[in-house]
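Source file: model.json (JSON, C-alpha atoms)
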[["chain", "number", "residue", "atom", "x", "y", "z"],
["Z", 127, "MET", "CA", 8.74, -9.66, -1.31],
["Z", 128, "LEU", "CA", 10.70, -9.53, 1.93],
["Z", 129, "SER", "CA", 14.21, -10.56, 2.95],
["Z", 130, "GLY", "CA", 14.95, -11.87, 6.43],
["Z", 131, "ILE", "CA", 18.26, -10.80, 7.99],
["Z", 132, "ILE", "CA", 19.61, -12.45, 11.15],
["Z", 133, "LEU", "CA", 22.45, -10.60, 12.87],
["Z", 134, "ALA", "CA", 24.58, -13.34, 14.40],
["Z", 135, "GLY", "CA", 27.67, -11.46, 15.51],
["Z", 136, "GLY", "CA", 28.59, -10.26, 18.98],
["Z", 137, "ASP", "CA", 30.68, -11.75, 21.77],
["Z", 138, "SER", "CA", 27.86, -12.92, 24.11],
["Z", 139, "LEU", "CA", 29.82, -11.62, 27.09],
["Z", 140, "ARG", "CA", 26.92, -12.07, 29.52],
["Z", 141, "MET", "CA", 26.61, -15.68, 28.37],
["Z", 142, "ASN", "CA", 30.34, -16.31, 28.95],
["Z", 143, "GLY", "CA", 30.96, -16.33, 25.23],
["Z", 144, "GLU", "CA", 28.41, -19.05, 24.45],
["Z", 145, "ASN", "CA", 26.95, -18.62, 20.96],
["Z", 146, "LYS", "CA", 23.31, -17.68, 21.61],
["Z", 147, "SER", "CA", 22.19, -18.70, 18.13],
["Z", 148, "LEU", "CA", 23.03, -22.32, 19.05],
["Z", 149, "LEU", "CA", 20.93, -22.41, 22.23],
["Z", 150, "SER", "CA", 18.22, -25.06, 22.16],
["Z", 151, "LEU", "CA", 14.53, -24.16, 22.40],
["Z", 152, "ASP", "CA", 11.99, -26.95, 22.14],
["Z", 153, "ASN", "CA", 14.66, -29.30, 20.73],
["Z", 154, "GLU", "CA", 15.63, -26.84, 18.00],
["Z", 155, "THR", "CA", 18.60, -24.48, 17.87],
["Z", 156, "LEU", "CA", 17.58, -20.84, 18.07],
["Z", 157, "VAL", "CA", 18.95, -19.95, 14.64],
["Z", 158, "LEU", "CA", 17.12, -22.84, 12.95],
["Z", 159, "ARG", "CA", 13.95, -21.79, 14.78],
["Z", 160, "GLN", "CA", 14.40, -18.25, 13.48],
["Z", 161, "ILE", "CA", 15.04, -19.42, 9.91],
["Z", 162, "ARG", "CA", 11.93, -21.62, 10.00],
["Z", 163, "ILE", "CA", 9.75, -18.77, 11.28],
["Z", 164, "MET", "CA", 11.16, -16.17, 8.88],
["Z", 165, "ARG", "CA", 10.52, -18.45, 5.91],
["Z", 166, "GLU", "CA", 6.80, -18.12, 6.58],
["Z", 167, "LEU", "CA", 7.07, -14.60, 5.18],
["Z", 168, "CYS", "CA", 10.49, -14.13, 3.55],
["Z", 169, "SER", "CA", 11.66, -15.22, 0.12],
["Z", 170, "GLU", "CA", 15.26, -15.28, 1.33],
["Z", 171, "VAL", "CA", 17.03, -15.53, 4.68],
["Z", 172, "ILE", "CA", 20.48, -14.05, 5.29],
["Z", 173, "ILE", "CA", 22.75, -14.69, 8.28],
["Z", 174, "VAL", "CA", 25.37, -12.02, 8.94],
["Z", 175, "THR", "CA", 28.17, -13.46, 11.07],
["Z", 176, "ASN", "CA", 31.87, -13.24, 11.82],
["Z", 177, "THR", "CA", 31.98, -17.07, 12.15],
["Z", 178, "PRO", "CA", 30.57, -18.27, 8.80],
["Z", 179, "LYS", "CA", 32.05, -21.78, 9.05],
["Z", 180, "LEU", "CA", 29.93, -22.49, 12.10],
["Z", 181, "PHE", "CA", 26.70, -21.84, 10.19],
["Z", 182, "LEU", "CA", 27.81, -23.53, 6.96],
["Z", 183, "ARG", "CA", 27.70, -26.83, 8.86],
["Z", 184, "LEU", "CA", 24.32, -26.06, 10.40],
["Z", 185, "VAL", "CA", 21.97, -24.53, 7.81],
["Z", 186, "ASP", "CA", 20.90, -25.62, 4.35],
["Z", 187, "THR", "CA", 22.36, -24.08, 1.22],
["Z", 188, "SER", "CA", 19.35, -21.84, 0.57],
["Z", 189, "VAL", "CA", 20.35, -19.66, 3.56],
["Z", 190, "ARG", "CA", 22.80, -16.96, 2.50],
["Z", 191, "ILE", "CA", 25.73, -16.52, 4.91],
["Z", 192, "ILE", "CA", 27.68, -13.27, 4.67],
["Z", 193, "THR", "CA", 30.17, -11.28, 6.76],
["Z", 194, "ASP", "CA", 30.48, -7.61, 7.68],
["Z", 195, "TYR", "CA", 32.13, -5.17, 5.30],
["Z", 196, "ILE", "CA", 33.51, -3.40, 8.39],
["Z", 197, "PRO", "CA", 34.11, -6.01, 11.13],
["Z", 198, "GLY", "CA", 33.92, -5.19, 14.81],
["Z", 199, "LYS", "CA", 31.34, -2.39, 14.58],
["Z", 200, "GLY", "CA", 28.39, -4.21, 16.13],
["Z", 201, "PRO", "CA", 24.87, -4.72, 14.79],
["Z", 202, "LEU", "CA", 24.93, -1.63, 12.56],
["Z", 203, "SER", "CA", 27.76, -3.19, 10.57],
["Z", 204, "GLY", "CA", 25.76, -6.41, 10.21],
["Z", 205, "MET", "CA", 22.70, -4.45, 9.10],
["Z", 206, "HIS", "CA", 24.78, -2.61, 6.51],
["Z", 207, "ALA", "CA", 26.08, -5.86, 5.01],
["Z", 208, "GLY", "CA", 22.70, -7.57, 5.06],
["Z", 209, "LEU", "CA", 20.80, -4.69, 3.51],
["Z", 210, "THR", "CA", 23.49, -4.08, 0.89],
["Z", 211, "LEU", "CA", 23.27, -7.67, -0.32],
["Z", 212, "SER", "CA", 19.50, -8.07, 0.11],
["Z", 213, "ARG", "CA", 17.68, -9.14, -3.05],
["Z", 214, "ASN", "CA", 14.43, -7.50, -1.98],
["Z", 215, "ARG", "CA", 13.51, -3.85, -1.45],
["Z", 216, "SER", "CA", 12.38, -4.45, 2.15],
["Z", 217, "ALA", "CA", 14.06, -6.50, 4.88],
["Z", 218, "TRP", "CA", 12.99, -7.77, 8.28],
["Z", 219, "VAL", "CA", 16.08, -7.42, 10.51],
["Z", 220, "VAL", "CA", 16.40, -9.37, 13.77],
["Z", 221, "GLY", "CA", 19.04, -10.28, 16.33],
["Z", 222, "CYS", "CA", 20.08, -13.90, 16.76],
["Z", 223, "ASP", "CA", 19.03, -13.71, 20.43],
["Z", 224, "MET", "CA", 15.32, -13.14, 19.72],
["Z", 225, "PRO", "CA", 13.40, -16.40, 20.36],
["Z", 226, "PHE", "CA", 9.83, -15.31, 19.58],
["Z", 227, "LEU", "CA", 9.92, -13.80, 16.10],
["Z", 228, "SER", "CA", 6.52, -12.84, 14.72],
["Z", 229, "PRO", "CA", 5.81, -13.02, 10.99],
["Z", 230, "ALA", "CA", 2.46, -11.37, 11.73],
["Z", 231, "ALA", "CA", 4.22, -8.38, 13.32],
["Z", 232, "ALA", "CA", 6.67, -8.16, 10.41],
["Z", 233, "GLU", "CA", 3.83, -8.34, 7.89],
["Z", 234, "LEU", "CA", 1.96, -5.56, 9.72],
["Z", 235, "MET", "CA", 5.06, -3.37, 9.56],
["Z", 236, "LEU", "CA", 5.66, -4.20, 5.91],
["Z", 237, "ARG", "CA", 2.11, -3.10, 5.04],
["Z", 238, "LYS", "CA", 2.67, 0.10, 7.03],
["Z", 239, "LYS", "CA", 5.91, 0.87, 5.15],
["Z", 240, "ARG", "CA", 4.47, 2.96, 2.37],
["Z", 241, "SER", "CA", 6.46, 4.57, -0.45],
["Z", 242, "GLY", "CA", 9.05, 7.06, 0.76],
["Z", 243, "LEU", "CA", 9.54, 5.56, 4.22],
["Z", 244, "ASP", "CA", 12.88, 4.04, 5.14],
["Z", 245, "ALA", "CA", 11.75, 1.96, 8.09],
["Z", 246, "ILE", "CA", 8.97, 0.88, 10.42],
["Z", 247, "ILE", "CA", 10.30, 0.30, 13.93],
["Z", 248, "PRO", "CA", 8.48, -1.20, 16.94],
["Z", 249, "TRP", "CA", 7.99, 1.34, 19.74],
["Z", 250, "LEU", "CA", 6.70, -0.51, 22.78],
["Z", 251, "GLN", "CA", 6.15, 0.95, 26.25],
["Z", 252, "GLY", "CA", 8.08, 4.03, 25.21],
["Z", 253, "VAL", "CA", 11.12, 2.03, 24.04],
["Z", 254, "MET", "CA", 12.45, 1.89, 20.48],
["Z", 255, "HIS", "CA", 13.31, -1.61, 19.21],
["Z", 256, "PRO", "CA", 15.55, -1.24, 16.13],
["Z", 257, "LEU", "CA", 15.68, -5.02, 15.77],
["Z", 258, "HIS", "CA", 12.59, -6.93, 14.66],
["Z", 259, "ALA", "CA", 11.95, -3.89, 12.45],
["Z", 260, "VAL", "CA", 11.40, -3.60, 8.70],
["Z", 261, "TYR", "CA", 13.91, -1.52, 6.70],
["Z", 262, "ASP", "CA", 14.28, -0.38, 3.14],
["Z", 263, "ARG", "CA", 17.39, -1.66, 1.37],
["Z", 264, "ASP", "CA", 18.50, 1.93, 0.76],
["Z", 265, "CYS", "CA", 19.08, 2.35, 4.52],
["Z", 266, "ALA", "CA", 22.46, 0.71, 3.89],
["Z", 267, "GLY", "CA", 23.80, 4.05, 2.62],
["Z", 268, "HIS", "CA", 22.75, 5.88, 5.78],
["Z", 269, "ILE", "CA", 24.27, 3.17, 7.97],
["Z", 270, "TRP", "CA", 27.51, 3.35, 6.00],
["Z", 271, "THR", "CA", 27.70, 7.08, 6.75],
["Z", 272, "LEU", "CA", 27.19, 6.42, 10.47],
["Z", 273, "LEU", "CA", 29.93, 3.79, 10.49],
["Z", 274, "LYS", "CA", 32.35, 6.07, 8.65],
["Z", 275, "HIS", "CA", 31.81, 8.61, 11.44],
["Z", 276, "GLN", "CA", 32.46, 5.92, 14.06],
["Z", 277, "ASP", "CA", 28.83, 5.99, 15.20],
["Z", 278, "THR", "CA", 27.91, 2.40, 16.00],
["Z", 279, "GLU", "CA", 24.83, 2.95, 18.18],
["Z", 280, "LEU", "CA", 21.62, 1.31, 16.96],
["Z", 281, "SER", "CA", 19.67, 4.25, 18.37],
["Z", 282, "SER", "CA", 21.47, 6.53, 15.88],
["Z", 283, "LEU", "CA", 19.46, 4.98, 13.06],
["Z", 284, "ARG", "CA", 16.52, 7.28, 13.66],
["Z", 285, "LYS", "CA", 18.63, 10.43, 13.21],
["Z", 286, "GLY", "CA", 18.70, 10.33, 9.44],
["Z", 287, "LEU", "CA", 15.93, 7.97, 8.38],
["Z", 288, "LEU", "CA", 12.35, 8.68, 7.39],
["Z", 289, "TRP", "CA", 10.67, 6.22, 9.69],
["Z", 290, "GLN", "CA", 7.48, 5.62, 11.62],
["Z", 291, "GLU", "CA", 6.91, 3.70, 14.80],
["Z", 292, "ALA", "CA", 4.60, 0.72, 15.17],
["Z", 293, "VAL", "CA", 3.11, 0.91, 18.65],
["Z", 294, "GLU", "CA", 1.66, -1.68, 21.02],
["Z", 295, "SER", "CA", -1.96, -0.86, 20.28],
["Z", 296, "GLU", "CA", -1.44, -1.62, 16.57],
["Z", 297, "PHE", "CA", -0.05, -5.06, 17.32],
["Z", 298, "GLN", "CA", -2.56, -5.82, 20.04],
["Z", 299, "SER", "CA", -5.53, -4.86, 17.88],
["Z", 300, "ALA", "CA", -4.26, -7.38, 15.32],
["Z", 301, "GLY", "CA", -3.99, -10.06, 18.02],
["Z", 302, "ILE", "CA", -0.18, -10.02, 17.98],
["Z", 303, "ASP", "CA", 1.72, -10.82, 21.19],
["Z", 304, "CYS", "CA", 4.46, -8.22, 21.71],
["Z", 305, "SER", "CA", 6.87, -10.82, 23.12],
["Z", 306, "PHE", "CA", 8.51, -10.76, 19.67],
["Z", 307, "VAL", "CA", 10.94, -8.09, 20.95],
["Z", 308, "ASN", "CA", 12.17, -10.28, 23.81],
["Z", 309, "THR", "CA", 15.86, -11.15, 23.76],
["Z", 310, "ILE", "CA", 18.17, -13.62, 25.46],
["Z", 311, "LYS", "CA", 21.08, -11.74, 26.98],
["Z", 312, "THR", "CA", 21.74, -13.86, 30.08],
["Z", 313, "ARG", "CA", 21.19, -17.39, 31.42],
["Z", 314, "ASP", "CA", 18.17, -16.07, 33.31],
["Z", 315, "ASP", "CA", 16.70, -14.75, 30.05],
["Z", 316, "TYR", "CA", 17.23, -18.17, 28.50],
["Z", 317, "PHE", "CA", 15.43, -19.88, 31.38],
["Z", 318, "LEU", "CA", 12.52, -17.42, 31.12],
["Z", 319, "ALA", "CA", 12.28, -18.01, 27.36],
["Z", 320, "GLN", "CA", 12.07, -21.76, 27.93],
["Z", 321, "GLN", "CA", 9.35, -21.22, 30.54],
["Z", 322, "TYR", "CA", 7.40, -18.89, 28.26],
["Z", 323, "LEU", "CA", 7.55, -21.36, 25.39],
["Z", 324, "GLU", "CA", 6.27, -24.17, 27.62],
["Z", 325, "LYS", "CA", 3.36, -22.00, 28.81],
["Z", 326, "THR", "CA", 2.37, -21.06, 25.25],
["Z", 327, "LYS", "CA", 2.48, -24.74, 24.23],
["Z", 328, "VAL", "CA", 0.15, -25.64, 27.11],
["Z", 329, "ARG", "CA", -2.29, -22.85, 26.22],
["Z", 330, "SER", "CA", -2.34, -23.78, 22.54],
["Z", 331, "GLY", "CA", -2.65, -27.48, 23.37]]
Represent the supplied structure as structure tokens.
Amino acid sequence: MLSGIILAGGDSLRMNGENKSLLSLDNETLVLRQIRIMRELCSEVIIVTNTPKLFLRLVDTSVRIITDYIPGKGPLSGMHAGLTLSRNRSAWVVGCDMPFLSPAAAELMLRKKRSGLDAIIPWLQGVMHPLHAVYDRDCAGHIWTLLKHQDTELSSLRKGLLWQEAVESEFQSAGIDCSFVNTIKTRDDYFLAQQYLEKTKVRSG
């Protein structure tokens, strides 16, 4: 069983404060798109946010909405809260600005996460992608230690975890498009995501 955790904090400074999780893609808000996709694989979906009222009006009651234990510490704080309250041993953790989530990629990483490993993290074109990774619930303790030492960098996760990378060739050999790590940080990114989605619809049609 797998939990899905959506990190929906952040100030969206490069989007002039606009909440990226409410952007529309193919007539569906990004967060509802993510919930729908994650439910293909996950028995529960959790949103971690500092604006819970916004999501209470938007999502159905089966989606768990929680807040950070330590506010203002970025995605690591959201990961800590989500993993701490996860009902399942393993969790698929994503950012709310990721439009092309891949259950197939998450399932591949879950199968790769054998006993004793804390995480399986995508490593594409030499770059670590801590989000859209699969983590063990016990990683919450390690993250708590980082936060107590004022270390809020996502890249710090690999310092104390037993983890393995999942590389491009593994995804490609399974027929998985690596666009799942794409993010929307700016208006240009949003436009490109819309274009990409239109192209994939044409190809599949």
Report the closest atom pair, with its distance in Å rounded to one decimal, for each residue of stretch 196-245 of chain Z that has an atom no farther than 12 Å from stretch 319-328 of chain Z; count all atoms listed in the file, sort by chain and then rising residue number, and write it as JSON lines.
{"residue": "Z:Asp223", "atom": "CA", "partner": "Z:Ala319", "partner_atom": "CA", "distance": 10.6}
{"residue": "Z:Met224", "atom": "CA", "partner": "Z:Ala319", "partner_atom": "CA", "distance": 9.6}
{"residue": "Z:Pro225", "atom": "CA", "partner": "Z:Ala319", "partner_atom": "CA", "distance": 7.3}
{"residue": "Z:Phe226", "atom": "CA", "partner": "Z:Ala319", "partner_atom": "CA", "distance": 8.6}
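Excluding Z:Asp303 and any residue on its chain fewer than 5 positions from it, the residues at most 10 Å away by only C-alpha atoms are Phe226, Ser228, Ala230, Ala231, Glu294, Phe297 and Gln298 of chain Z.
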Any chance you could export the current selection's C-alpha atoms as a short mmCIF file (atom, residue, chain, number, x, y, z; two decimals), in the frame of the given file?
data_model
loop_
_atom_site.label_atom_id
_atom_site.label_comp_id
_atom_site.auth_asym_id
_atom_site.auth_seq_id
_atom_site.Cartn_x
_atom_site.Cartn_y
_atom_site.Cartn_z
CA PHE Z 226 9.83 -15.31 19.58
CA SER Z 228 6.52 -12.84 14.72
CA ALA Z 230 2.46 -11.37 11.73
CA ALA Z 231 4.22 -8.38 13.32
CA GLU Z 294 1.66 -1.68 21.02
CA PHE Z 297 -0.05 -5.06 17.32
CA GLN Z 298 -2.56 -5.82 20.04
#
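Comparing Z:Glu166, Z:Pro178, Z:Asp152, Z:Trp218 by their smallest distance to Z:Ile132, the closest is Z:Trp218 (using only C-alpha atoms).
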Please work out which residues fall within 8 Å of (31.8, -11.1, 10.7), coordinates as given in the file, with all atoms listed in the file counting, and return them as a PyMOL selection string. chain Z and resi 135+174-178+192-194+197-198+204
Counting only C-alpha atoms, find the residues whose atoms lie at most 6 Å from (17.0, -9.7, 11.8) (file coordinates) and write them out as a PyMOL selection string. chain Z and resi 131-133+218-221+258
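The shortest atom-to-atom distance to Z:His268, with only C-alpha atoms taken into account, belongs to Z:Ser203 out of Z:Ser129, Z:Ser299, Z:Asn308, Z:Ser203.
With only C-alpha atoms as the atoms that count, the residue of Z:Ala292, Z:Leu257, Z:Ile163, Z:Leu250 with the shortest distance to Z:Pro201 is Z:Leu257.
Closest approach to Z:Ser295 among Z:Asn145, Z:Gln251, Z:Ser169, Z:Thr155: Z:Gln251, based on all atoms listed in the file.
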Which residue of Z:Ile161, Z:Ile196, Z:Leu288, Z:Ile302 approaches Z:Cys222 most closely, using all atoms listed in the file: Z:Ile161
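As for atom CA of Z:Val307 and atom CA of Z:Lys179, they are spaced 27.8 Å apart.
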Neighbour list for Z:Leu243 as a ChimeraX atom specification, cut-off 10 Å, all atoms listed in the file, skip fewer than 6 positions in-chain: /Z:261-262,287-290
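Take atom CA of Z:Arg213 and atom CA of Z:Val189: the distance between them is 12.7 Å.
With all atoms listed in the file as the atoms that count, the minimum distance from Z:Gly267 to the choices Z:His206, Z:Arg183, Z:Arg165, Z:Arg190 is reached by Z:His206.
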Neighbouring residues of Z:Leu202 were defined as those with any atom within 7 Å, considering only C-alpha atoms; residues of the same chain fewer than 4 positions away were excluded. Please report them as a ChimeraX atom specification. /Z:206,269,278,280
Computed interatomic separation between atom CA of Z:Glu154 and atom CA of Z:Glu170 (Å): 20.3 Å
Mind writing stretch 191-216 of chain Z to a file for me, with N, CA, C and O atoms, as a PDB file, in the first residue's frame?
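Result written to out25.pdb:
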ATOM      1  N   ILE Z 191      -6.136  16.655   4.766  1.00  0.00           N
ATOM      2  CA  ILE Z 191      -5.483  17.963   4.682  1.00  0.00           C
ATOM      3  C   ILE Z 191      -4.824  18.238   6.026  1.00  0.00           C
ATOM      4  O   ILE Z 191      -5.490  18.269   7.062  1.00  0.00           O
ATOM      5  N   ILE Z 192      -3.492  18.425   5.998  1.00  0.00           N
ATOM      6  CA  ILE Z 192      -2.755  18.642   7.240  1.00  0.00           C
ATOM      7  C   ILE Z 192      -1.834  19.841   7.080  1.00  0.00           C
ATOM      8  O   ILE Z 192      -1.612  20.335   5.967  1.00  0.00           O
ATOM      9  N   THR Z 193      -1.289  20.323   8.191  1.00  0.00           N
ATOM     10  CA  THR Z 193      -0.360  21.455   8.175  1.00  0.00           C
ATOM     11  C   THR Z 193       0.987  21.029   8.768  1.00  0.00           C
ATOM     12  O   THR Z 193       1.091  19.997   9.423  1.00  0.00           O
ATOM     13  N   ASP Z 194       1.998  21.855   8.527  1.00  0.00           N
ATOM     14  CA  ASP Z 194       3.343  21.566   9.024  1.00  0.00           C
ATOM     15  C   ASP Z 194       3.387  21.585  10.548  1.00  0.00           C
ATOM     16  O   ASP Z 194       2.698  22.382  11.189  1.00  0.00           O
ATOM     17  N   TYR Z 195       4.219  20.739  11.109  1.00  0.00           N
ATOM     18  CA  TYR Z 195       4.522  20.816  12.544  1.00  0.00           C
ATOM     19  C   TYR Z 195       5.393  22.045  12.812  1.00  0.00           C
ATOM     20  O   TYR Z 195       5.281  22.682  13.856  1.00  0.00           O
ATOM     21  N   ILE Z 196       6.308  22.321  11.877  1.00  0.00           N
ATOM     22  CA  ILE Z 196       7.199  23.481  11.999  1.00  0.00           C
ATOM     23  C   ILE Z 196       6.977  24.347  10.770  1.00  0.00           C
ATOM     24  O   ILE Z 196       7.575  24.113   9.715  1.00  0.00           O
ATOM     25  N   PRO Z 197       6.112  25.361  10.847  1.00  0.00           N
ATOM     26  CA  PRO Z 197       5.803  26.170   9.666  1.00  0.00           C
ATOM     27  C   PRO Z 197       7.019  26.972   9.186  1.00  0.00           C
ATOM     28  O   PRO Z 197       7.934  27.281   9.952  1.00  0.00           O
ATOM     29  N   GLY Z 198       6.985  27.309   7.916  1.00  0.00           N
ATOM     30  CA  GLY Z 198       7.982  28.211   7.361  1.00  0.00           C
ATOM     31  C   GLY Z 198       9.325  27.595   7.069  1.00  0.00           C
ATOM     32  O   GLY Z 198      10.313  28.318   6.877  1.00  0.00           O
ATOM     33  N   LYS Z 199       9.411  26.271   7.010  1.00  0.00           N
ATOM     34  CA  LYS Z 199      10.701  25.604   6.778  1.00  0.00           C
ATOM     35  C   LYS Z 199      10.755  24.914   5.418  1.00  0.00           C
ATOM     36  O   LYS Z 199      11.630  24.083   5.186  1.00  0.00           O
ATOM     37  N   GLY Z 200       9.823  25.257   4.527  1.00  0.00           N
ATOM     38  CA  GLY Z 200       9.898  24.742   3.175  1.00  0.00           C
ATOM     39  C   GLY Z 200       9.418  23.315   3.023  1.00  0.00           C
ATOM     40  O   GLY Z 200       8.758  22.753   3.909  1.00  0.00           O
ATOM     41  N   PRO Z 201       9.757  22.694   1.874  1.00  0.00           N
ATOM     42  CA  PRO Z 201       9.234  21.357   1.572  1.00  0.00           C
ATOM     43  C   PRO Z 201       9.644  20.275   2.562  1.00  0.00           C
ATOM     44  O   PRO Z 201       8.896  19.323   2.774  1.00  0.00           O
ATOM     45  N   LEU Z 202      10.816  20.407   3.183  1.00  0.00           N
ATOM     46  CA  LEU Z 202      11.212  19.392   4.169  1.00  0.00           C
ATOM     47  C   LEU Z 202      10.224  19.336   5.323  1.00  0.00           C
ATOM     48  O   LEU Z 202       9.903  18.255   5.836  1.00  0.00           O
ATOM     49  N   SER Z 203       9.728  20.496   5.733  1.00  0.00           N
ATOM     50  CA  SER Z 203       8.754  20.528   6.823  1.00  0.00           C
ATOM     51  C   SER Z 203       7.452  19.850   6.403  1.00  0.00           C
ATOM     52  O   SER Z 203       6.837  19.105   7.183  1.00  0.00           O
ATOM     53  N   GLY Z 204       7.043  20.087   5.151  1.00  0.00           N
ATOM     54  CA  GLY Z 204       5.847  19.425   4.643  1.00  0.00           C
ATOM     55  C   GLY Z 204       6.030  17.926   4.549  1.00  0.00           C
ATOM     56  O   GLY Z 204       5.123  17.151   4.865  1.00  0.00           O
ATOM     57  N   MET Z 205       7.211  17.494   4.112  1.00  0.00           N
ATOM     58  CA  MET Z 205       7.502  16.060   4.046  1.00  0.00           C
ATOM     59  C   MET Z 205       7.447  15.436   5.426  1.00  0.00           C
ATOM     60  O   MET Z 205       6.902  14.344   5.609  1.00  0.00           O
ATOM     61  N   HIS Z 206       8.005  16.130   6.411  1.00  0.00           N
ATOM     62  CA  HIS Z 206       8.007  15.609   7.781  1.00  0.00           C
ATOM     63  C   HIS Z 206       6.578  15.376   8.262  1.00  0.00           C
ATOM     64  O   HIS Z 206       6.249  14.302   8.792  1.00  0.00           O
ATOM     65  N   ALA Z 207       5.711  16.372   8.053  1.00  0.00           N
ATOM     66  CA  ALA Z 207       4.326  16.245   8.515  1.00  0.00           C
ATOM     67  C   ALA Z 207       3.606  15.122   7.779  1.00  0.00           C
ATOM     68  O   ALA Z 207       2.917  14.293   8.388  1.00  0.00           O
ATOM     69  N   GLY Z 208       3.769  15.085   6.460  1.00  0.00           N
ATOM     70  CA  GLY Z 208       3.083  14.079   5.666  1.00  0.00           C
ATOM     71  C   GLY Z 208       3.511  12.667   6.001  1.00  0.00           C
ATOM     72  O   GLY Z 208       2.674  11.769   6.158  1.00  0.00           O
ATOM     73  N   LEU Z 209       4.816  12.461   6.124  1.00  0.00           N
ATOM     74  CA  LEU Z 209       5.313  11.122   6.446  1.00  0.00           C
ATOM     75  C   LEU Z 209       4.933  10.712   7.861  1.00  0.00           C
ATOM     76  O   LEU Z 209       4.604   9.545   8.113  1.00  0.00           O
ATOM     77  N   THR Z 210       4.974  11.655   8.787  1.00  0.00           N
ATOM     78  CA  THR Z 210       4.615  11.350  10.177  1.00  0.00           C
ATOM     79  C   THR Z 210       3.185  10.846  10.276  1.00  0.00           C
ATOM     80  O   THR Z 210       2.888   9.914  11.046  1.00  0.00           O
ATOM     81  N   LEU Z 211       2.292  11.440   9.506  1.00  0.00           N
ATOM     82  CA  LEU Z 211       0.873  11.096   9.601  1.00  0.00           C
ATOM     83  C   LEU Z 211       0.421  10.099   8.537  1.00  0.00           C
ATOM     84  O   LEU Z 211      -0.757   9.759   8.462  1.00  0.00           O
ATOM     85  N   SER Z 212       1.352   9.611   7.735  1.00  0.00           N
ATOM     86  CA  SER Z 212       1.013   8.637   6.697  1.00  0.00           C
ATOM     87  C   SER Z 212       0.537   7.330   7.323  1.00  0.00           C
ATOM     88  O   SER Z 212       1.108   6.844   8.291  1.00  0.00           O
ATOM     89  N   ARG Z 213      -0.477   6.740   6.732  1.00  0.00           N
ATOM     90  CA  ARG Z 213      -1.008   5.468   7.237  1.00  0.00           C
ATOM     91  C   ARG Z 213      -0.259   4.274   6.672  1.00  0.00           C
ATOM     92  O   ARG Z 213      -0.388   3.159   7.174  1.00  0.00           O
ATOM     93  N   ASN Z 214       0.495   4.493   5.605  1.00  0.00           N
ATOM     94  CA  ASN Z 214       1.210   3.404   4.948  1.00  0.00           C
ATOM     95  C   ASN Z 214       2.711   3.518   5.176  1.00  0.00           C
ATOM     96  O   ASN Z 214       3.238   4.592   5.468  1.00  0.00           O
ATOM     97  N   ARG Z 215       3.394   2.405   5.035  1.00  0.00           N
ATOM     98  CA  ARG Z 215       4.846   2.362   5.237  1.00  0.00           C
ATOM     99  C   ARG Z 215       5.598   3.188   4.202  1.00  0.00           C
ATOM    100  O   ARG Z 215       6.594   3.827   4.502  1.00  0.00           O
ATOM    101  N   SER Z 216       5.103   3.194   2.954  1.00  0.00           N
ATOM    102  CA  SER Z 216       5.782   3.922   1.883  1.00  0.00           C
ATOM    103  C   SER Z 216       4.894   5.046   1.375  1.00  0.00           C
ATOM    104  O   SER Z 216       3.656   4.936   1.358  1.00  0.00           O
TER     105      SER Z 216
END
